[in-house]
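Accompanying notes for the structure given below.
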Amino acid sequence: MPTAGPNRPSAFHVAGGQLGTVHQEVAHRLRPDDPGSGGAQVLDLPPASGGLVEPAFPEAGAYPFVPHIVGDAERGAKGAFGVTD
């Protein structure tokens with residue numbers, strides 16, 4: 001059975017939220033003030049790389065985040081942002 005780690009890609013996704021700012025490694029991939037930017041849905045990362053996102057949420061609530069490799073989410077690679085007013 002494969003395991004998550006530095007030898008597998010990942011695709012970070014926040015259900016119900018937008019990724020307003022996205023950095024992959026040290027490069028900006030998306031900024032909220034970019035022309036035509038509506039926000040990103042996913043940050044995909046190759047093995048052993050890193051990234052940073054600044055999510056935007058439309059209202060208070062719980063917003064789950066998961067990788068798009070469903071088997072990894074089923075093994076526990078998931079969580080939720082709790083957003084309050």
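Every chain in the structure tokens has a letter given in the order shown (A, B, ...), and although residue numbers restart at 1 in each chain, ligands are simply numbered from 1 in the order shown.
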Practice task
Considering only C-alpha atoms, return as a PyMOL selection string whatever protein or nucleic-acid residues lie within 8 Å of Lys78 (chain A), sequence-local ones (same chain, fewer than 5 positions apart) excluded.
Solution key: chain A and resi 64-67+73
Practice task
Calculate how many Å separate CA of Gly79 (chain A) from CA of Gly17 (chain A), rounding to one decimal.
Solution key: 13.7 Å
Practice task
Do a neighbour search on Glu59 (chain A) at 9 Å with only C-alpha atoms, toss out local chain neighbours closer than 6 positions, and write the hits as an NGL selection string.
Solution key: :A and (83-85)
Practice task
List every residue of chain A that DSSP, applied to the backbone of this structure, assigns to strand (DSSP E), and report them as a ChimeraX atom specification.
Solution key: /A:10-14,18-24,27-30,42-45,51-56,61-67,79-83
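Atom to atom, CA of Leu30 (chain A) and CA of Val53 (chain A) stand 9.3 Å apart.
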Practice task
Find the spatial neighbours of Val26 (chain A), counting only C-alpha atoms, within a cut-off of 10 Å - ignore same-chain residues fewer than 4 positions away - and output them as number ranges by chain.
Solution key: A: 50-52
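Counting only C-alpha atoms and comparing A:Leu45, A:Phe57, A:Asn7, A:Gly39, the residue that lies closest to Glu25 (chain A) is A:Leu45.
Our summary of the geometry notes that CA of Val22 (chain A) is positioned 10.1 Å from CA of Gln41 (chain A).
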Handout entry: Those in chain A with alpha helix (DSSP H) from DSSP, as an NGL selection string
Key = :A and (70-74)
Exercise for the section: Find the residues near Pro58 (chain A): any atom within 12 Å, counting only C-alpha atoms, skip ones fewer than 2 places away on the same chain, and give them as a VMD selection string. Expected result: chain A and resid 15 to 20 55 to 56 60 to 63 83 to 85
Dump of C-alpha atoms for the selected residues, as a compact mmCIF listing (two decimals), in the first residue's frame:
# COMPACT_ATOMS: atom_id res chain seq x y z
CA ALA A 15 -14.10 22.65 0.03
CA GLY A 16 -16.27 25.77 -0.20
CA GLY A 17 -13.40 28.26 -0.08
CA GLN A 18 -11.17 29.95 -2.63
CA LEU A 19 -7.40 30.14 -2.53
CA GLY A 20 -6.91 33.88 -3.01
CA PRO A 55 -7.78 30.95 1.63
CA ALA A 56 -10.81 33.23 1.53
CA ALA A 60 -18.57 31.58 9.05
CA GLY A 61 -18.56 27.79 9.19
CA ALA A 62 -16.39 24.71 8.88
CA TYR A 63 -14.42 24.30 5.65
CA VAL A 83 -14.22 30.27 10.50
CA THR A 84 -16.02 32.63 12.89
CA ASP A 85 -17.50 36.09 12.39
